[in-house]
Amino acid sequence: MQNQTPARKRDDARIGLALYQPDIALNVGAVLRLGACLGVPVHVIEPCGFAFSPAAWRRSAMDYADLTEICRHDSWDAFQAERADGRLVALTTKGAGALWDFAFAPGDTLLIGRESAGLPNGVHQAADARVVIPMQPGARSLNMAMAAAIAVAEAGRQLGASAAAGQDDAVGVHPG
Ligand SMILES: C[S@@+](CC[C@H](N)C(=O)[O-])C[C@H]1O[C@@H](n2cnc3c(N)ncnc32)[C@H](O)[C@@H]1O
């Protein structure tokens with residue numbers, strides 16, 4: 001597949017995004033576009049709720065899909081084995097601490113749960129950190145692509161990176 005998982009880079013210092021078993025192709029498309037625009041690699045952990053194929057991601061992300069570094073993993077276990085070193089930071093509505101208080105580090109991968117069920121307990125616990133984007137009382141959750149965008153923007157802000165792709169002097173978030 002085009003943009004398939006690149007050779008494993010143990011020392012990848014970029015911020016990454018990982019989508020855990022996403023249900024909705026349009027949401028994945030929005031995240032792929034985010035990855036293309038901000039230079040963030042996107043990991044997709046199967047099984048998805050739809051056939052995750054180049055045709056599907058081009059339908060949802062248009063030509064942005066070709067600009068995104070897409071890493072597809074067959075399962076959670078495969079993702080854990082194949083991903084680069086660095087912390088796994090779970091975005092969760094059951095987060096231990098607010099996103100705004102969390103100190104990001106180069107190489108962090110931001111893990112986003114599935115639309116229908118979030119992250120299962122085992123995955124939640126396997127993460128190195130868990131953070132919540134504070135919401136208004138009574139609000140259940142953000143759209144997953146929105147949560148991804150907010151978290152990537154905060155990580156880039158903290159790490160001193162211009163989120164714009166093509167800025168080679170960016171620290172932490174690099175063009176893919
Ligand atoms: C639609 S939400 C999942 C809702 C699911 N029913 C649940 O209880 O977790 C999809 C994903 O977006 C992210 N997300 C949504 N709102 C969030 C928030 N306020 N803080 C952190 N992550 C959030 C999480 O990764 C979540 O698993």
# chains A, B, ... in the order shown; residues from 1 in each chain; ligands from 1
>>> residues_near_ligand(ligand="ligand 1", cutoff="10 Å", atoms="only C-alpha atoms and all ligand atoms", output="number ranges by chain")
A: 18-20, 22-23, 27, 89-95, 97-99, 110-120, 124, 130-136, 139-148, 150-151
>>> write_last_selection(atoms="N, CA and C atoms", output="compact mmCIF listing (two decimals), in the first residue's frame")
# COMPACT_ATOMS: atom_id res chain seq x y z
N ALA A 18 -1.99 8.02 16.91
CA ALA A 18 -2.39 6.63 16.69
C ALA A 18 -3.90 6.53 16.92
N LEU A 19 -4.60 5.96 15.95
CA LEU A 19 -6.05 5.79 16.04
C LEU A 19 -6.34 4.34 16.37
N TYR A 20 -6.96 4.11 17.52
CA TYR A 20 -7.26 2.73 17.94
C TYR A 20 -8.60 2.28 17.34
N PRO A 22 -10.49 2.71 14.65
CA PRO A 22 -11.52 3.72 14.33
C PRO A 22 -12.71 3.12 13.59
N ASP A 23 -13.89 3.66 13.87
CA ASP A 23 -15.14 3.15 13.28
C ASP A 23 -15.51 3.87 12.00
N ASN A 27 -13.96 10.38 9.88
CA ASN A 27 -13.10 10.86 10.97
C ASN A 27 -11.64 10.56 10.67
N VAL A 89 0.72 8.36 24.87
CA VAL A 89 -0.11 9.26 25.67
C VAL A 89 -1.56 9.07 25.24
N ALA A 90 -2.36 8.47 26.11
CA ALA A 90 -3.75 8.19 25.76
C ALA A 90 -4.61 9.44 25.96
N LEU A 91 -5.37 9.78 24.92
CA LEU A 91 -6.39 10.82 25.04
C LEU A 91 -7.67 10.10 25.46
N THR A 92 -8.18 10.48 26.60
CA THR A 92 -9.31 9.74 27.14
C THR A 92 -10.19 10.65 27.97
N THR A 93 -11.48 10.36 27.91
CA THR A 93 -12.40 11.14 28.74
C THR A 93 -12.29 10.71 30.20
N LYS A 94 -11.59 9.60 30.44
CA LYS A 94 -11.35 9.14 31.83
C LYS A 94 -9.91 9.46 32.21
N GLY A 95 -9.41 10.57 31.68
CA GLY A 95 -8.01 10.93 31.87
C GLY A 95 -7.69 11.31 33.29
N GLY A 97 -5.26 13.53 34.09
CA GLY A 97 -4.87 14.93 34.21
C GLY A 97 -5.27 15.71 32.97
N ALA A 98 -5.41 17.02 33.15
CA ALA A 98 -5.83 17.87 32.03
C ALA A 98 -4.70 18.02 31.01
N LEU A 99 -5.08 18.05 29.75
CA LEU A 99 -4.12 18.23 28.66
C LEU A 99 -3.22 19.43 28.91
N LEU A 110 0.32 10.17 20.43
CA LEU A 110 -0.98 10.47 21.04
C LEU A 110 -1.98 9.43 20.57
N LEU A 111 -2.54 8.69 21.51
CA LEU A 111 -3.41 7.56 21.20
C LEU A 111 -4.88 7.98 21.35
N ILE A 112 -5.63 7.80 20.26
CA ILE A 112 -7.04 8.22 20.23
C ILE A 112 -7.93 6.98 20.19
N GLY A 113 -8.98 6.96 21.00
CA GLY A 113 -9.86 5.80 21.08
C GLY A 113 -10.91 5.78 19.97
N ARG A 114 -11.59 4.65 19.88
CA ARG A 114 -12.60 4.51 18.83
C ARG A 114 -13.86 5.29 19.20
N GLU A 115 -14.57 5.69 18.17
CA GLU A 115 -15.72 6.57 18.36
C GLU A 115 -16.79 5.93 19.24
N SER A 116 -17.02 4.64 19.06
CA SER A 116 -18.12 3.99 19.77
C SER A 116 -17.78 3.65 21.21
N ALA A 117 -16.54 3.32 21.48
CA ALA A 117 -16.22 2.74 22.78
C ALA A 117 -14.96 3.28 23.43
N GLY A 118 -14.31 4.23 22.83
CA GLY A 118 -13.08 4.76 23.41
C GLY A 118 -11.96 3.72 23.41
N LEU A 119 -11.19 3.69 24.48
CA LEU A 119 -10.08 2.74 24.61
C LEU A 119 -10.46 1.66 25.62
N PRO A 120 -10.23 0.38 25.29
CA PRO A 120 -10.51 -0.66 26.29
C PRO A 120 -9.56 -0.53 27.48
N HIS A 124 -5.91 1.33 27.80
CA HIS A 124 -5.88 2.50 28.69
C HIS A 124 -4.73 2.36 29.69
N ARG A 130 -2.21 9.34 30.65
CA ARG A 130 -3.60 9.50 30.23
C ARG A 130 -4.00 10.96 30.47
N VAL A 131 -4.53 11.59 29.43
CA VAL A 131 -4.90 13.00 29.59
C VAL A 131 -6.29 13.24 29.04
N VAL A 132 -6.94 14.20 29.63
CA VAL A 132 -8.29 14.58 29.20
C VAL A 132 -8.26 16.04 28.74
N ILE A 133 -9.04 16.32 27.71
CA ILE A 133 -9.27 17.72 27.30
C ILE A 133 -10.51 18.15 28.09
N PRO A 134 -10.32 19.07 29.02
CA PRO A 134 -11.45 19.44 29.89
C PRO A 134 -12.64 19.94 29.07
N MET A 135 -13.82 19.50 29.49
CA MET A 135 -15.06 19.85 28.78
C MET A 135 -16.05 20.45 29.77
N GLN A 136 -17.10 20.99 29.23
CA GLN A 136 -18.18 21.54 30.05
C GLN A 136 -18.91 20.40 30.76
N ALA A 139 -21.07 17.40 29.02
CA ALA A 139 -20.58 17.03 27.68
C ALA A 139 -19.89 15.68 27.78
N ARG A 140 -20.22 14.76 26.88
CA ARG A 140 -19.67 13.40 26.99
C ARG A 140 -18.28 13.30 26.37
N SER A 141 -18.14 13.77 25.16
CA SER A 141 -16.83 13.66 24.49
C SER A 141 -16.80 14.55 23.26
N LEU A 142 -15.58 14.84 22.82
CA LEU A 142 -15.36 15.54 21.55
C LEU A 142 -15.35 14.51 20.42
N ASN A 143 -15.59 14.97 19.22
CA ASN A 143 -15.32 14.16 18.04
C ASN A 143 -13.83 13.78 18.08
N MET A 144 -13.51 12.57 17.69
CA MET A 144 -12.13 12.09 17.85
C MET A 144 -11.12 12.89 17.03
N ALA A 145 -11.52 13.35 15.86
CA ALA A 145 -10.59 14.14 15.04
C ALA A 145 -10.36 15.51 15.68
N MET A 146 -11.39 16.04 16.30
CA MET A 146 -11.24 17.32 17.03
C MET A 146 -10.29 17.14 18.21
N ALA A 147 -10.47 16.04 18.94
CA ALA A 147 -9.59 15.78 20.09
C ALA A 147 -8.14 15.64 19.61
N ALA A 148 -7.95 14.94 18.49
CA ALA A 148 -6.61 14.76 17.94
C ALA A 148 -6.00 16.11 17.59
N ILE A 150 -6.71 19.14 18.74
CA ILE A 150 -6.42 19.95 19.93
C ILE A 150 -5.13 19.46 20.59
N ALA A 151 -5.00 18.13 20.70
CA ALA A 151 -3.83 17.58 21.40
C ALA A 151 -2.54 17.80 20.60
>>> select_by_dssp(residues="chain A", states="alpha helix (DSSP H)", output="count of residues only")
50
>>> atom_distance(atom1="atom CA of Gly107 of chain A", atom2="atom CA of Leu88 of chain A")
9.0 Å
>>> closest_residue(among="A:Gly160, A:Gly16, A:Gly122, A:Gly138", to="Ile70 of chain A", atoms="only C-alpha atoms")
A:Gly16
>>> closest_residue(among="A:Pro106, A:Ala13, A:Val31, A:Val44", to="Asp74 of chain A", atoms="only C-alpha atoms")
A:Val44
>>> closest_residue(among="A:Ala127, A:Ala105, A:Leu32, A:Ala65", to="Ala149 of chain A", atoms="only C-alpha atoms")
A:Leu32
>>> closest_residue(among="A:Ala61, A:Gly29, A:Glu69, A:Ile24", to="Val42 of chain A", atoms="only C-alpha atoms")
A:Glu69
>>> select_by_dssp(residues="chain A", states="strand (DSSP E or B)", output="MDAnalysis selection string")
chainID A and resid 16:20 42:45 70:73 88:91 97:98 109:112 114 118 129:132
>>> decode(residues="segment 96-110 of chain A", atoms="C-alpha atoms", output="compact mmCIF listing (two decimals), in the first residue's frame")
# COMPACT_ATOMS: atom_id res chain seq x y z
CA ALA A 96 -5.99 11.39 35.00
CA GLY A 97 -4.87 14.93 34.21
CA ALA A 98 -5.83 17.87 32.03
CA LEU A 99 -4.12 18.23 28.66
CA TRP A 100 -3.06 21.77 29.56
CA ASP A 101 -1.04 20.48 32.54
CA PHE A 102 0.67 17.67 30.67
CA ALA A 103 4.32 18.10 29.61
CA PHE A 104 4.82 16.62 26.14
CA ALA A 105 8.19 15.26 25.03
CA PRO A 106 9.67 14.61 21.58
CA GLY A 107 8.68 11.15 20.36
CA ASP A 108 5.32 11.06 22.15
CA THR A 109 2.53 9.23 20.32
CA LEU A 110 -0.98 10.47 21.04
